[in-house]
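One structure is given here, and the rest of the page talks about it.
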Amino acid sequence: MDMEVKLHPAGHDGVRPLSLKNPVMTASGTFGCGAEFMPYGNIARLGGIVVKGLSLRAREGNPLPRIAETPSGMLNAVGLQNDGVEAFIRHRLPALPWQDVPVIANIYASCAEDFGELAGILSAEDGVAAVEVNISCPNVREGGVLFGQDPVMAAKVTGAVKRRAGTKPVIVKLSPNVTDITVIARAAEDAGADMLACINTVTGMAVDLERRVPLLANIVGGLSGPAIKPVGLRCVWQVSRAVKIPVIGMGGISSARDVLEYILVGAHAVQVGTASFSDPAATFRIVDELPGLCRRLGIERLDDLRGALKV
Amino acid sequence: MISPARTDLTVADNVPFSQPGEPGFFALMLENPGWVSWLPGQFVMLRPHGWGSELTWARPFSISRVTPQGLVLFYQVVGRGTSRIAKLVSGDKVTIWGPLGTGFAVEPARPTLLLAGGIGIAPFYGYADRHPSPEHLSMLFGHRQISDCYPMDSLSQIIDVEHFRERTPADIPVFQDMIRARMKACRSKDGLALACGPMPFLRMIWEYALEIGLRTQLSLEQRMACGVGACLGCVTRTSMHWADAEKAGLPVQTCTSGPVFWAEDIDLKAGA
Ligand SMILES: Cc1cc2nc3c(=O)[nH]c(=O)nc-3n(C[C@H](O)[C@H](O)[C@H](O)COP(=O)(O)O)c2cc1C
Ligand code: FES
């Protein structure tokens, strides 16, 4: 069965389509820069690789503990530790098989101009197939409000990235921590986003009752893993009906079945995150199991399943 | 570098060492993973097949021994994961990935002091087994439980083991003085010290190592989700001596740059 997926929004003619061998990509921040997982499978067989969030300058991240295990999930407040975009381009990108698998750069900044600059630097690289914009971060210039929680700011960032991204598709990654995710989704679409991805982590916290302390030094963090799959499905369902551009779904995917559930509610492709921590071969296994599961369920083309939820 | 592999293994045995009522110490015996090679000090991530999705992460364990019969992990029950691992029985399946991280230095001709705190003794079984001249090894082993809780026979047959049992908090300064004295003696013989144990124990040894100028390696314990350098949950701050100048003074992953570090390469000051 043909698993190929071509992500290309109608009318976005100046932008190259994002062609995936299969709909299963890795989620940012859970697959390192890709090379970390080479001992566990052939990363060129994946649909795409989204690398750890990159910022203009290196960031140290938050103090420890930064991660905590919770039932069917985990919390993280890593704080976007990374070596900076230049180090990624110099050391990490050349080591990736980007000719055989799309490498997607996830970017993070604290003002719209820096988002634009990052997009400019990365889209000039042959090895970068698309730019994914993490708008779940605070805007330091405008009082620390999260870009992803305000439609005006989400549009501003999307516009700044689009202006500098050339022919590379721009994916805007939405936060579930909003009252109405479709408002932000439409704002990003109107500002020129080529695709949307959702969801980022769900804000949460965990505490130690005996010691009366939070389990994360940052007190609050982002919840991920199977626990948030229902939230992810709900968001993809709502967003895919609100916009015309393709939607990449994620949140708690750990099996081929989960992938098809996301496609059923409207996703064009998906990303696997925390499951890679439970098993470094998880994404490879999901890619292997997908055709067999489609056959068993009588799904001939993924297009037939997409958004076919009976309601 | 030794390339790690992911393998599904069958549990051969899971043997408790402690008496009923005492904190649980176990040796988990798995079938041989068929590694080409490994270094004492390296670790594996282990996740039983029966966990489903409730427990998200695998758990890190130092490799205690690899024999033709199998892989031996010595562990203490400390939380939700290890209490479930303690219930594994022969025939159960687990997934492991490893060997991961860095190993301890082996300098055959040099007097080598092994400093073990509690369950931190785990990697030193394999270290002693594999050392070409174990007569150069000596161990100072601090523990809270009676020594029956630890499988000591096989170690005491190969190397000199000095015990210190901490019964009350008042014993801690005595143990600290002992460690310092042994480290000083080791320095005077131009020796090497290797340490594994809980963080307060390692922080103290780190301080002594820098003060005395003794070449010392520490095997660090951190909360780990992935073991492969991807989650960035396990970082340790490097010092200005770190070989890669671009990373000097910055956090690096303990699971890939460690768990064994040279004391002078890292900064364990509280809050660093
Ligand atoms: C440790 C960790 C780090 C993450 N870092 C990033 C990041 O840098 N940028 C980003 O857009 N999302 C990041 N995420 C969010 C994931 O990409 C993903 O959106 C989320 O975890 C939900 O998917 P999952 O349940 O499959 O993990 C991170 C998640 C985790 C667990
Ligand atoms: S345990 Fe994930 S980076 Fe070390």
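Please note that chains go A, B, ... in the order of the structure tokens, that every chain numbers its residues from 1, and that ligands are numbered from 1 in the order shown.
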
With only C-alpha atoms as the counted atoms, please give the residues lying no more than 12 Å from stretch 299-306 of chain A, apart from itself and same-chain residues fewer than 3 positions off, as a ChimeraX atom specification.
/A:1-7,22-23,236-237,240-241,246-249,259-270,290-296,309-310

Next, the residues of the selection above should be written as a compact mmCIF listing (two decimals), in the first residue's frame with N, CA and C atoms.
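Output contents, as saved in part.txt:
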```txt
# COMPACT_ATOMS: atom_id res chain seq x y z
N MET A 1 0.83 -1.20 0.00
CA MET A 1 0.00 0.00 0.00
C MET A 1 0.87 1.26 0.00
N ASP A 2 0.44 2.24 -0.75
CA ASP A 2 1.20 3.48 -0.87
C ASP A 2 0.92 4.37 0.33
N MET A 3 1.97 4.69 1.05
CA MET A 3 1.81 5.48 2.27
C MET A 3 2.18 6.95 2.06
N GLU A 4 2.58 7.25 0.81
CA GLU A 4 3.11 8.59 0.55
C GLU A 4 2.09 9.69 0.84
N VAL A 5 2.59 10.79 1.37
CA VAL A 5 1.74 11.93 1.66
C VAL A 5 2.39 13.18 1.07
N LYS A 6 1.61 13.96 0.36
CA LYS A 6 2.14 15.22 -0.17
C LYS A 6 1.38 16.37 0.49
N LEU A 7 2.12 17.17 1.24
CA LEU A 7 1.48 18.29 1.93
C LEU A 7 1.69 19.53 1.08
N ASN A 22 5.83 8.48 4.18
CA ASN A 22 4.70 7.98 4.98
C ASN A 22 4.32 9.10 5.92
N PRO A 23 3.16 9.02 6.56
CA PRO A 23 2.69 10.18 7.34
C PRO A 23 3.32 10.31 8.72
N VAL A 236 -7.17 18.57 16.69
CA VAL A 236 -7.01 18.32 15.25
C VAL A 236 -8.38 18.31 14.58
N TRP A 237 -9.35 17.71 15.23
CA TRP A 237 -10.73 17.68 14.71
C TRP A 237 -11.23 19.11 14.49
N SER A 240 -8.91 21.13 11.82
CA SER A 240 -8.97 20.68 10.42
C SER A 240 -10.29 21.09 9.78
N ARG A 241 -11.31 21.29 10.59
CA ARG A 241 -12.59 21.76 10.03
C ARG A 241 -12.63 23.27 9.88
N PRO A 246 -3.25 21.97 5.22
CA PRO A 246 -3.07 20.67 5.89
C PRO A 246 -2.73 20.81 7.37
N VAL A 247 -3.16 19.82 8.13
CA VAL A 247 -2.92 19.80 9.58
C VAL A 247 -2.09 18.57 9.94
N ILE A 248 -1.05 18.78 10.70
CA ILE A 248 -0.21 17.68 11.20
C ILE A 248 -0.60 17.45 12.66
N GLY A 249 -1.01 16.22 12.97
CA GLY A 249 -1.53 15.94 14.31
C GLY A 249 -0.49 15.29 15.20
N VAL A 259 -2.10 6.65 14.93
CA VAL A 259 -1.86 7.43 13.71
C VAL A 259 -3.14 7.51 12.89
N LEU A 260 -3.79 6.35 12.70
CA LEU A 260 -5.00 6.33 11.88
C LEU A 260 -6.15 7.09 12.56
N GLU A 261 -6.18 7.06 13.88
CA GLU A 261 -7.22 7.84 14.58
C GLU A 261 -7.05 9.33 14.29
N TYR A 262 -5.80 9.79 14.31
CA TYR A 262 -5.54 11.20 14.00
C TYR A 262 -5.93 11.54 12.56
N ILE A 263 -5.64 10.61 11.64
CA ILE A 263 -6.00 10.86 10.24
C ILE A 263 -7.53 10.87 10.10
N LEU A 264 -8.18 9.98 10.82
CA LEU A 264 -9.64 9.91 10.77
C LEU A 264 -10.29 11.24 11.20
N VAL A 265 -9.69 11.91 12.18
CA VAL A 265 -10.29 13.18 12.61
C VAL A 265 -9.80 14.37 11.79
N GLY A 266 -8.94 14.11 10.78
CA GLY A 266 -8.62 15.20 9.86
C GLY A 266 -7.14 15.49 9.63
N ALA A 267 -6.22 14.75 10.27
CA ALA A 267 -4.80 15.05 10.09
C ALA A 267 -4.31 14.54 8.73
N HIS A 268 -3.37 15.28 8.12
CA HIS A 268 -2.72 14.83 6.89
C HIS A 268 -1.50 13.98 7.20
N ALA A 269 -0.87 14.31 8.30
CA ALA A 269 0.31 13.56 8.74
C ALA A 269 0.36 13.69 10.25
N VAL A 270 1.31 12.99 10.87
CA VAL A 270 1.39 13.03 12.34
C VAL A 270 2.84 13.11 12.80
N LEU A 290 2.06 0.31 10.05
CA LEU A 290 0.97 1.07 9.42
C LEU A 290 0.34 0.38 8.21
N PRO A 291 1.12 -0.10 7.23
CA PRO A 291 0.48 -0.71 6.06
C PRO A 291 -0.37 -1.93 6.43
N GLY A 292 0.13 -2.77 7.34
CA GLY A 292 -0.61 -3.96 7.76
C GLY A 292 -1.93 -3.60 8.41
N LEU A 293 -1.90 -2.58 9.26
CA LEU A 293 -3.13 -2.17 9.95
C LEU A 293 -4.14 -1.62 8.94
N CYS A 294 -3.65 -0.83 7.97
CA CYS A 294 -4.55 -0.29 6.94
C CYS A 294 -5.22 -1.45 6.20
N ARG A 295 -4.42 -2.47 5.85
CA ARG A 295 -4.96 -3.62 5.13
C ARG A 295 -6.06 -4.29 5.96
N ARG A 296 -5.75 -4.52 7.24
CA ARG A 296 -6.73 -5.18 8.10
C ARG A 296 -8.02 -4.38 8.23
N LEU A 309 -14.54 10.81 9.72
CA LEU A 309 -15.28 10.51 10.95
C LEU A 309 -16.78 10.71 10.73
N LYS A 310 -17.55 9.70 11.12
CA LYS A 310 -19.01 9.81 10.97
C LYS A 310 -19.57 10.50 12.20
```

Please, which residues have at least one atom within 7 Å of an atom of ligand 1, using only C-alpha atoms and all ligand atoms, listed as a compact mmCIF listing (two decimals) with all heavy atoms, in the first residue's frame?
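For reference, result.txt as written:
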```txt
# COMPACT_ATOMS: atom_id res chain seq x y z
N ALA A 27 8.45 14.18 16.60
CA ALA A 27 8.07 15.49 17.14
C ALA A 27 9.29 16.20 17.72
O ALA A 27 10.17 15.58 18.30
CB ALA A 27 7.00 15.31 18.22
N SER A 28 9.29 17.51 17.59
CA SER A 28 10.40 18.32 18.07
C SER A 28 10.65 18.12 19.56
O SER A 28 9.71 18.07 20.35
CB SER A 28 10.12 19.79 17.80
OG SER A 28 11.17 20.58 18.28
N GLY A 29 11.92 18.02 19.92
CA GLY A 29 12.30 17.93 21.32
C GLY A 29 12.27 16.51 21.86
O GLY A 29 12.62 16.28 23.01
N THR A 30 11.86 15.57 21.03
CA THR A 30 11.78 14.19 21.50
C THR A 30 12.65 13.25 20.66
O THR A 30 12.70 12.06 20.94
CB THR A 30 10.33 13.66 21.42
OG1 THR A 30 9.91 13.67 20.06
CG2 THR A 30 9.38 14.52 22.24
N LYS A 52 15.01 19.21 17.41
CA LYS A 52 14.85 19.97 18.66
C LYS A 52 14.76 21.47 18.36
O LYS A 52 15.47 21.96 17.49
CB LYS A 52 16.05 19.66 19.54
CG LYS A 52 16.16 20.48 20.80
CD LYS A 52 15.14 20.07 21.83
CE LYS A 52 15.03 21.13 22.95
NZ LYS A 52 13.72 21.07 23.62
N GLY A 53 13.93 22.17 19.08
CA GLY A 53 13.74 23.61 18.87
C GLY A 53 15.04 24.39 18.83
O GLY A 53 15.90 24.21 19.70
N MET A 74 4.24 12.49 30.79
CA MET A 74 5.35 13.13 31.49
C MET A 74 5.18 14.64 31.40
O MET A 74 4.49 15.15 30.53
CB MET A 74 6.70 12.74 30.86
CG MET A 74 6.88 13.23 29.44
SD MET A 74 8.51 12.84 28.73
CE MET A 74 9.55 14.10 29.49
N LEU A 75 5.83 15.32 32.35
CA LEU A 75 5.89 16.77 32.31
C LEU A 75 7.31 17.17 31.94
O LEU A 75 8.27 16.52 32.37
CB LEU A 75 5.58 17.35 33.68
CG LEU A 75 4.13 17.31 34.15
CD1 LEU A 75 4.08 17.57 35.65
CD2 LEU A 75 3.30 18.34 33.39
N ASN A 76 7.45 18.24 31.14
CA ASN A 76 8.80 18.76 30.93
C ASN A 76 8.80 20.26 30.98
O ASN A 76 7.83 20.92 30.62
CB ASN A 76 9.40 18.24 29.62
CG ASN A 76 9.14 19.16 28.44
OD1 ASN A 76 9.84 20.15 28.25
ND2 ASN A 76 8.12 18.84 27.67
N VAL A 78 12.02 21.81 29.97
CA VAL A 78 13.43 21.80 29.56
C VAL A 78 13.90 23.24 29.32
O VAL A 78 15.06 23.58 29.57
CB VAL A 78 13.61 20.93 28.29
CG1 VAL A 78 14.98 21.13 27.67
CG2 VAL A 78 13.40 19.46 28.65
N LEU A 80 13.92 24.83 26.40
CA LEU A 80 14.50 24.99 25.08
C LEU A 80 16.02 25.12 25.07
O LEU A 80 16.59 25.95 24.37
CB LEU A 80 13.84 26.17 24.36
CG LEU A 80 12.40 25.79 24.02
CD1 LEU A 80 11.44 26.90 24.35
CD2 LEU A 80 12.26 25.38 22.57
N ASN A 106 12.55 23.15 13.74
CA ASN A 106 11.59 23.76 14.67
C ASN A 106 12.26 24.99 15.26
O ASN A 106 13.41 24.92 15.71
CB ASN A 106 11.24 22.73 15.74
CG ASN A 106 10.26 23.25 16.77
OD1 ASN A 106 10.62 24.01 17.68
ND2 ASN A 106 9.01 22.85 16.65
N ASN A 134 7.40 27.25 16.58
CA ASN A 134 6.86 26.97 17.92
C ASN A 134 6.38 28.28 18.52
O ASN A 134 7.18 29.07 19.00
CB ASN A 134 7.97 26.33 18.77
CG ASN A 134 7.52 26.06 20.19
OD1 ASN A 134 6.37 26.28 20.54
ND2 ASN A 134 8.44 25.59 21.02
N LYS A 173 3.00 25.70 14.66
CA LYS A 173 2.63 24.69 15.67
C LYS A 173 1.85 25.33 16.80
O LYS A 173 2.34 26.22 17.49
CB LYS A 173 3.90 24.01 16.20
CG LYS A 173 3.62 22.90 17.19
CD LYS A 173 4.84 22.07 17.41
CE LYS A 173 4.65 21.06 18.51
NZ LYS A 173 5.89 20.32 18.78
N CYS A 198 -0.52 20.49 15.44
CA CYS A 198 -1.02 20.59 16.81
C CYS A 198 -1.19 19.17 17.36
O CYS A 198 -1.49 18.26 16.61
CB CYS A 198 -2.32 21.39 16.89
SG CYS A 198 -3.67 20.78 15.89
N ILE A 199 -0.84 18.98 18.65
CA ILE A 199 -0.68 20.03 19.63
C ILE A 199 0.72 20.03 20.26
O ILE A 199 1.39 18.99 20.28
CB ILE A 199 -1.70 19.85 20.79
CG1 ILE A 199 -1.58 18.47 21.40
CG2 ILE A 199 -3.10 20.15 20.34
CD1 ILE A 199 -2.46 18.19 22.61
N ASN A 200 1.08 21.19 20.79
CA ASN A 200 2.22 21.24 21.69
C ASN A 200 1.75 20.71 23.05
O ASN A 200 0.60 20.28 23.18
CB ASN A 200 2.74 22.69 21.77
CG ASN A 200 4.24 22.72 21.98
OD1 ASN A 200 4.77 21.98 22.82
ND2 ASN A 200 4.92 23.55 21.24
N THR A 201 2.61 20.75 24.05
CA THR A 201 2.25 20.15 25.34
C THR A 201 1.14 20.93 26.05
O THR A 201 0.93 22.11 25.79
CB THR A 201 3.49 20.08 26.25
OG1 THR A 201 4.03 21.40 26.35
CG2 THR A 201 4.54 19.15 25.68
N SER A 224 2.83 15.66 28.17
CA SER A 224 2.83 14.97 26.87
C SER A 224 2.63 13.49 27.11
O SER A 224 2.58 13.04 28.25
CB SER A 224 4.17 15.22 26.16
OG SER A 224 5.23 14.66 26.92
N GLY A 225 2.50 12.72 26.02
CA GLY A 225 2.33 11.27 26.15
C GLY A 225 0.87 10.87 26.02
O GLY A 225 -0.01 11.71 25.80
N PRO A 226 0.60 9.54 26.16
CA PRO A 226 -0.75 9.02 25.94
C PRO A 226 -1.85 9.79 26.69
O PRO A 226 -2.98 9.88 26.21
CB PRO A 226 -0.66 7.57 26.45
CG PRO A 226 0.78 7.22 26.27
CD PRO A 226 1.56 8.48 26.49
N ILE A 228 -2.44 12.81 26.87
CA ILE A 228 -3.00 13.98 26.17
C ILE A 228 -3.59 13.63 24.81
O ILE A 228 -4.02 14.52 24.07
CB ILE A 228 -1.96 15.12 26.00
CG1 ILE A 228 -0.82 14.74 25.02
CG2 ILE A 228 -1.37 15.53 27.35
CD1 ILE A 228 0.00 15.93 24.55
N LYS A 229 -3.63 12.34 24.47
CA LYS A 229 -4.15 11.99 23.14
C LYS A 229 -5.57 12.51 22.92
O LYS A 229 -5.86 13.06 21.84
CB LYS A 229 -4.07 10.48 22.89
CG LYS A 229 -4.16 10.14 21.40
CD LYS A 229 -4.14 8.65 21.14
CE LYS A 229 -5.51 8.08 21.16
NZ LYS A 229 -5.58 6.64 20.90
N MET A 250 -0.58 15.59 16.47
CA MET A 250 0.26 14.88 17.45
C MET A 250 -0.30 15.06 18.84
O MET A 250 -1.16 15.90 19.09
CB MET A 250 1.70 15.36 17.39
CG MET A 250 1.96 16.63 18.14
SD MET A 250 3.53 17.36 17.69
CE MET A 250 3.05 18.25 16.22
N GLY A 251 0.24 14.25 19.75
CA GLY A 251 -0.19 14.23 21.14
C GLY A 251 -0.49 12.79 21.50
O GLY A 251 -1.52 12.25 21.12
N GLY A 252 0.46 12.14 22.19
CA GLY A 252 0.22 10.81 22.72
C GLY A 252 0.21 9.67 21.73
O GLY A 252 -0.28 8.59 22.04
N ILE A 253 0.76 9.87 20.53
CA ILE A 253 0.75 8.77 19.56
C ILE A 253 1.81 7.74 19.94
O ILE A 253 2.99 8.07 20.12
CB ILE A 253 1.00 9.31 18.14
CG1 ILE A 253 -0.17 10.19 17.72
CG2 ILE A 253 1.21 8.15 17.15
CD1 ILE A 253 -0.02 10.83 16.35
N GLN A 271 3.00 13.38 14.08
CA GLN A 271 4.33 13.32 14.69
C GLN A 271 4.25 12.48 15.96
O GLN A 271 3.26 12.54 16.69
CB GLN A 271 4.83 14.73 15.03
CG GLN A 271 5.07 15.58 13.77
CD GLN A 271 5.50 17.01 14.10
OE1 GLN A 271 5.76 17.35 15.26
NE2 GLN A 271 5.57 17.84 13.08
N VAL A 272 5.32 11.73 16.19
CA VAL A 272 5.42 10.88 17.38
C VAL A 272 6.42 11.52 18.33
O VAL A 272 7.56 11.80 17.93
CB VAL A 272 5.90 9.47 16.99
CG1 VAL A 272 6.09 8.60 18.23
CG2 VAL A 272 4.93 8.83 16.01
N GLY A 273 6.03 11.76 19.57
CA GLY A 273 6.90 12.44 20.52
C GLY A 273 7.37 11.55 21.64
O GLY A 273 8.29 10.72 21.49
N THR A 274 6.71 11.66 22.78
CA THR A 274 7.12 10.99 24.01
C THR A 274 7.28 9.48 23.86
O THR A 274 8.07 8.87 24.59
CB THR A 274 6.09 11.34 25.11
OG1 THR A 274 6.09 12.77 25.25
CG2 THR A 274 6.41 10.71 26.44
N ALA A 275 6.57 8.87 22.90
CA ALA A 275 6.70 7.42 22.70
C ALA A 275 8.15 7.03 22.42
O ALA A 275 8.57 5.91 22.74
CB ALA A 275 5.79 6.96 21.57
N CYS B 231 16.01 13.84 25.45
CA CYS B 231 15.00 14.56 26.23
C CYS B 231 15.57 15.75 26.99
O CYS B 231 14.82 16.63 27.41
CB CYS B 231 14.31 13.60 27.21
SG CYS B 231 15.31 13.10 28.62
N LEU B 232 16.88 15.80 27.17
CA LEU B 232 17.57 16.89 27.88
C LEU B 232 17.10 17.02 29.33
O LEU B 232 17.18 18.09 29.92
CB LEU B 232 17.40 18.22 27.13
CG LEU B 232 17.99 18.23 25.71
CD1 LEU B 232 17.73 19.58 25.05
CD2 LEU B 232 19.47 17.93 25.73
```

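Those protein and nucleic acid residues that have any atom within 6 Å of ligand 2 are, using only C-alpha atoms and all ligand atoms, Met224, Ala225, Cys226, Gly227, Val228, Gly229, Ala230, Cys231, Leu232, Gly233, Cys234, Gln253, Thr254 and Cys255 of chain B.
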
Interface residues on chain B facing chain A, 10 Å, only C-alpha atoms, written as a PyMOL selection string
chain B and resi 3-7+45-47+51-59+95-98+222-237+246-247+249-252+256+271-272

Residues near stretch 71-84 of chain B, cut-off 7 Å, only C-alpha atoms, skip fewer than 6 positions along chain, as a PyMOL selection string:
chain B and resi 23-33+61-65+119+122

Looking only at helix (DSSP H, G or I) from DSSP on the backbone, list the matching residues of stretch 123-280 of chain A as a PyMOL selection string.
chain A and resi 123+147-149+151-164+181-190+226-242+256-264+275-278

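Compared by their closest atoms to B:Ser156, and using only C-alpha atoms, the residues B:Pro169, B:Phe175, B:Ile2, B:Phe124 rank with B:Phe124 nearest.
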
What does the distance between atom CA of B:Phe141 and atom CA of B:Phe164 come to in Å, to one decimal place?
6.1 Å

Run DSSP on the backbone and give me the residues of stretch 130-251 of chain B it puts in strand (DSSP E or B), as a list in words.
Leu137, Ser138, Met139, Leu140, Phe141, Gly142, His143, Asp160, Val161, Glu162, His163, Phe164, Arg165, Leu192, Ala193, Leu194, Ala195, Cys196, Arg215, Thr216, Gln217, Leu218, Ser219, Val235, Thr236, Arg237, Thr238 and Pro251 of chain B

For those residues, write C-alpha atoms to a file as a PDB file, in the first residue's frame.
```pdb
ATOM      1  CA  LEU B 137      41.958  -2.296  43.588  1.00  0.00           C
ATOM      2  CA  SER B 138      40.562  -1.427  46.996  1.00  0.00           C
ATOM      3  CA  MET B 139      37.065  -0.392  47.935  1.00  0.00           C
ATOM      4  CA  LEU B 140      35.467   1.765  50.577  1.00  0.00           C
ATOM      5  CA  PHE B 141      31.801   0.859  50.726  1.00  0.00           C
ATOM      6  CA  GLY B 142      29.361   3.003  52.701  1.00  0.00           C
ATOM      7  CA  HIS B 143      25.885   1.637  53.285  1.00  0.00           C
ATOM      8  CA  ASP B 160      39.877  -5.604  49.553  1.00  0.00           C
ATOM      9  CA  VAL B 161      36.577  -4.179  50.727  1.00  0.00           C
ATOM     10  CA  GLU B 162      36.359  -1.880  53.722  1.00  0.00           C
ATOM     11  CA  HIS B 163      32.831  -1.381  55.042  1.00  0.00           C
ATOM     12  CA  PHE B 164      31.234   1.559  56.729  1.00  0.00           C
ATOM     13  CA  ARG B 165      27.675   1.236  57.944  1.00  0.00           C
ATOM     14  CA  LEU B 192      43.019   6.860  40.681  1.00  0.00           C
ATOM     15  CA  ALA B 193      39.624   7.084  42.427  1.00  0.00           C
ATOM     16  CA  LEU B 194      36.271   5.984  40.986  1.00  0.00           C
ATOM     17  CA  ALA B 195      32.996   6.806  42.716  1.00  0.00           C
ATOM     18  CA  CYS B 196      29.369   5.812  42.340  1.00  0.00           C
ATOM     19  CA  ARG B 215      42.413  12.020  39.593  1.00  0.00           C
ATOM     20  CA  THR B 216      38.804  10.983  40.177  1.00  0.00           C
ATOM     21  CA  GLN B 217      35.913   9.786  38.073  1.00  0.00           C
ATOM     22  CA  LEU B 218      32.305  10.054  39.238  1.00  0.00           C
ATOM     23  CA  SER B 219      29.339   8.105  37.897  1.00  0.00           C
ATOM     24  CA  VAL B 235      21.983  17.414  32.168  1.00  0.00           C
ATOM     25  CA  THR B 236      25.134  18.093  34.196  1.00  0.00           C
ATOM     26  CA  ARG B 237      27.051  21.355  34.019  1.00  0.00           C
ATOM     27  CA  THR B 238      30.586  21.079  32.647  1.00  0.00           C
ATOM     28  CA  PRO B 251      24.871  21.708  30.540  1.00  0.00           C
TER      29      PRO B 251
END
```

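Minimum atom-to-atom distances from A:Val161, A:Ala282, A:Ile181, A:Ala10 to A:Ala242 were compared using only C-alpha atoms, and the lowest value belongs to A:Ile181.
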
Neighbours of stretch 97-103 of chain A within 10 Å (only C-alpha atoms; same-chain residues fewer than 5 positions away dropped), as a list in words?
Leu18, Ser19, Leu20, Lys21, Met25, Thr26, Cys33, Gly34, Ala35, Asn42, Ile43, Ala44, Arg45, Leu46, Gly47, Gly48, Ile49, Val50, Val51, Asp126, Gly127, Val128, Ala129, Ala130 and Val131 of chain A

Close residues, A:Asp190 itself excluded, 9 Å, only C-alpha atoms, min 4 positions apart in chain, as an MDAnalysis selection string:
chainID A and resid 155 185:186

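Among A:Leu209, A:Leu54, A:Val220, A:Ile107, the residue with the shortest atom-to-atom distance to A:Arg92, counting only C-alpha atoms, is A:Leu54.
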